[in-house]
Amino acid sequence: MVTGAGGGVGRMFSRALADEGARVVAADIDVAKANVTAAEIVAKGGEAIAVAVDVTDNWSPEAMAEEAIAHFGGIDILVNNAGRHLRQYYASSLEISGEALHELFAVNALGPLMAARACVPSMRARGGGVIINRSSVAAYVPRNPYGVSRLAVNGLTIALASELAKDNIRVNGIAPSLLDNRLTLRSLSLDEQDRLIAAQKIQRHGRSQDLVSTLLFLVTDDSSFITGQTITVDGGRVDRI
């Protein structure tokens, strides 16, 4: 199960999981985009379906999980990728509108929890599972509401890992820095990108494959003794922010 699977990193995650043999549920609030992701996987010989989900709604994640269980028999992996991007909410804590603030936290902070609540019963019934929460290096020095929302994700990762360990469900996070995807390159000026790269030990953009490799490590038994961790994929930036 991949939320926010209709494009960008979510589509990349969905295709990577399918390439490894996973049957993928591509979930997105824009189901037309999710259908494109699922169709790409099927065209390559994989198995995938698209479902509509609004992670801020109380019942939509439940319907998402029910559709996945009806089609594939259960859920083993949940990738909480749906989120709001920094540029959409680039305002100070005292200046951001109340409406934008509520939407930001509803999607970024509560969305992963609502999706987990919907998927965990199936994981328990199947003897275990893995949850991956997408965060950001902005969580480590939260200078604005976006960073705070991602810090909340890191806290949720720890809390769920503690609660679900007894059920053989591992919960980890991925916190990327500057990536070479179209959303990042379109939303940041060249000067801003250069400044962010200069704050890293590895002087380049993060590559999509860097994120994919981390995801695949965390969802397999190669990381069977790792839970409650948020892995920074940031070129060594965090300690220099």
# chains A, B, ... in the order shown; residues from 1 in each chain; ligands from 1
>>> residues_around(residues="Thr157 in chain A", least_positions_apart="2", cutoff="9 Å", atoms="only C-alpha atoms", output="list in words")
Ile131, Ile132, Asn133, Ala152, Val153, Asn154, Gly155, Ala159, Leu160, Ala161, Ser162, Val171, Asn172, Gly173, Thr227, Gly228, Gln229 and Thr230 of chain A
>>> select_by_dssp(residues="range 56-168 of chain A", states="alpha helix (DSSP H)", output="ChimeraX atom specification")
/A:60-72,98-105,111-125,145-164
>>> atom_distance(atom1="CA of Glu66 in chain A", atom2="CA of Ile169 in chain A")
19.1 Å
>>> residues_around(residues="range 174-176 of chain A", least_positions_apart="5", cutoff="7 Å", atoms="only C-alpha atoms", output="MDAnalysis selection string")
chainID A and resid 133:137 230:234
>>> write_last_selection(atoms="N, CA, C and O atoms", output="PDB file, in the first residue's frame")
ATOM      1  N   ASN A 133       7.125   5.644   7.098  1.00  0.00           N
ATOM      2  CA  ASN A 133       6.590   7.007   7.093  1.00  0.00           C
ATOM      3  C   ASN A 133       7.573   7.947   6.419  1.00  0.00           C
ATOM      4  O   ASN A 133       8.748   8.003   6.811  1.00  0.00           O
ATOM      5  N   ARG A 134       7.109   8.694   5.428  1.00  0.00           N
ATOM      6  CA  ARG A 134       7.992   9.660   4.785  1.00  0.00           C
ATOM      7  C   ARG A 134       8.039  10.933   5.616  1.00  0.00           C
ATOM      8  O   ARG A 134       7.021  11.546   5.924  1.00  0.00           O
ATOM      9  N   SER A 135       9.249  11.355   5.975  1.00  0.00           N
ATOM     10  CA  SER A 135       9.470  12.568   6.745  1.00  0.00           C
ATOM     11  C   SER A 135      10.304  13.532   5.902  1.00  0.00           C
ATOM     12  O   SER A 135      10.193  13.552   4.671  1.00  0.00           O
ATOM     13  N   SER A 136      11.145  14.323   6.552  1.00  0.00           N
ATOM     14  CA  SER A 136      12.000  15.290   5.865  1.00  0.00           C
ATOM     15  C   SER A 136      13.087  15.739   6.831  1.00  0.00           C
ATOM     16  O   SER A 136      12.891  15.738   8.054  1.00  0.00           O
ATOM     17  N   VAL A 137      14.233  16.161   6.278  1.00  0.00           N
ATOM     18  CA  VAL A 137      15.273  16.707   7.148  1.00  0.00           C
ATOM     19  C   VAL A 137      14.804  18.000   7.810  1.00  0.00           C
ATOM     20  O   VAL A 137      15.384  18.430   8.816  1.00  0.00           O
ATOM     21  N   THR A 230      14.160   6.857  12.053  1.00  0.00           N
ATOM     22  CA  THR A 230      13.965   7.651  10.849  1.00  0.00           C
ATOM     23  C   THR A 230      15.337   7.840  10.201  1.00  0.00           C
ATOM     24  O   THR A 230      16.234   8.435  10.792  1.00  0.00           O
ATOM     25  N   ILE A 231      15.481   7.286   9.023  1.00  0.00           N
ATOM     26  CA  ILE A 231      16.760   7.302   8.315  1.00  0.00           C
ATOM     27  C   ILE A 231      16.848   8.575   7.474  1.00  0.00           C
ATOM     28  O   ILE A 231      15.985   8.831   6.630  1.00  0.00           O
ATOM     29  N   THR A 232      17.877   9.379   7.719  1.00  0.00           N
ATOM     30  CA  THR A 232      18.072  10.575   6.905  1.00  0.00           C
ATOM     31  C   THR A 232      18.845  10.210   5.640  1.00  0.00           C
ATOM     32  O   THR A 232      19.884   9.573   5.697  1.00  0.00           O
ATOM     33  N   VAL A 233      18.273  10.622   4.500  1.00  0.00           N
ATOM     34  CA  VAL A 233      18.900  10.408   3.194  1.00  0.00           C
ATOM     35  C   VAL A 233      19.206  11.806   2.667  1.00  0.00           C
ATOM     36  O   VAL A 233      18.443  12.389   1.900  1.00  0.00           O
ATOM     37  N   ASP A 234      20.326  12.353   3.133  1.00  0.00           N
ATOM     38  CA  ASP A 234      20.505  13.809   3.019  1.00  0.00           C
ATOM     39  C   ASP A 234      21.918  14.252   2.675  1.00  0.00           C
ATOM     40  O   ASP A 234      22.252  15.427   2.789  1.00  0.00           O
TER      41      ASP A 234
END
>>> residues_around(residues="Ala34 in chain A", least_positions_apart="4", cutoff="8 Å", atoms="only C-alpha atoms", output="short mmCIF file (atom, residue, chain, number, x, y, z; two decimals) with all heavy atoms, in the first residue's frame")
data_model
loop_
_atom_site.label_atom_id
_atom_site.label_comp_id
_atom_site.auth_asym_id
_atom_site.auth_seq_id
_atom_site.Cartn_x
_atom_site.Cartn_y
_atom_site.Cartn_z
N ALA A 5 0.48 7.89 -4.27
CA ALA A 5 1.15 7.10 -5.30
C ALA A 5 0.94 7.65 -6.71
O ALA A 5 1.43 7.08 -7.68
CB ALA A 5 0.68 5.65 -5.25
N GLY A 6 0.22 8.76 -6.83
CA GLY A 6 -0.14 9.26 -8.15
C GLY A 6 0.96 9.96 -8.91
O GLY A 6 0.79 10.28 -10.08
N GLY A 7 2.07 10.22 -8.27
CA GLY A 7 3.14 10.92 -8.99
C GLY A 7 4.38 11.05 -8.12
O GLY A 7 4.36 10.71 -6.93
N ALA A 26 -1.91 1.33 -5.35
CA ALA A 26 -1.54 2.73 -5.55
C ALA A 26 -2.70 3.60 -5.10
O ALA A 26 -3.75 3.64 -5.74
CB ALA A 26 -1.21 2.99 -7.02
N ALA A 27 -2.52 4.29 -3.97
CA ALA A 27 -3.61 5.07 -3.38
C ALA A 27 -3.30 6.56 -3.49
O ALA A 27 -2.17 6.99 -3.23
CB ALA A 27 -3.79 4.68 -1.92
N ASP A 28 -4.29 7.34 -3.88
CA ASP A 28 -4.08 8.77 -4.04
C ASP A 28 -5.43 9.47 -3.99
O ASP A 28 -6.45 8.89 -4.37
CB ASP A 28 -3.38 9.07 -5.36
CG ASP A 28 -2.67 10.41 -5.36
OD1 ASP A 28 -3.35 11.45 -5.43
OD2 ASP A 28 -1.43 10.42 -5.28
N ASP A 30 -6.13 11.80 -5.91
CA ASP A 30 -6.41 11.93 -7.34
C ASP A 30 -6.33 10.54 -7.94
O ASP A 30 -5.26 10.08 -8.34
CB ASP A 30 -5.40 12.88 -8.00
CG ASP A 30 -5.75 13.20 -9.44
OD1 ASP A 30 -6.44 12.38 -10.08
OD2 ASP A 30 -5.29 14.26 -9.94
N ALA A 38 -0.72 2.56 -11.51
CA ALA A 38 -1.08 1.14 -11.56
C ALA A 38 -0.95 0.59 -12.98
O ALA A 38 -0.45 -0.53 -13.18
CB ALA A 38 -2.51 0.95 -11.05
N ALA A 50 -5.49 0.68 -8.43
CA ALA A 50 -5.53 2.06 -7.95
C ALA A 50 -6.77 2.24 -7.09
O ALA A 50 -7.84 1.71 -7.40
CB ALA A 50 -5.57 3.02 -9.12
N VAL A 51 -6.62 2.95 -5.99
CA VAL A 51 -7.76 3.27 -5.13
C VAL A 51 -7.71 4.74 -4.76
O VAL A 51 -6.62 5.34 -4.68
CB VAL A 51 -7.78 2.41 -3.85
CG1 VAL A 51 -7.86 0.93 -4.19
CG2 VAL A 51 -6.57 2.68 -2.97
N ALA A 52 -8.86 5.31 -4.53
CA ALA A 52 -8.95 6.69 -4.09
C ALA A 52 -8.84 6.73 -2.57
O ALA A 52 -9.42 5.89 -1.88
CB ALA A 52 -10.27 7.32 -4.53
#
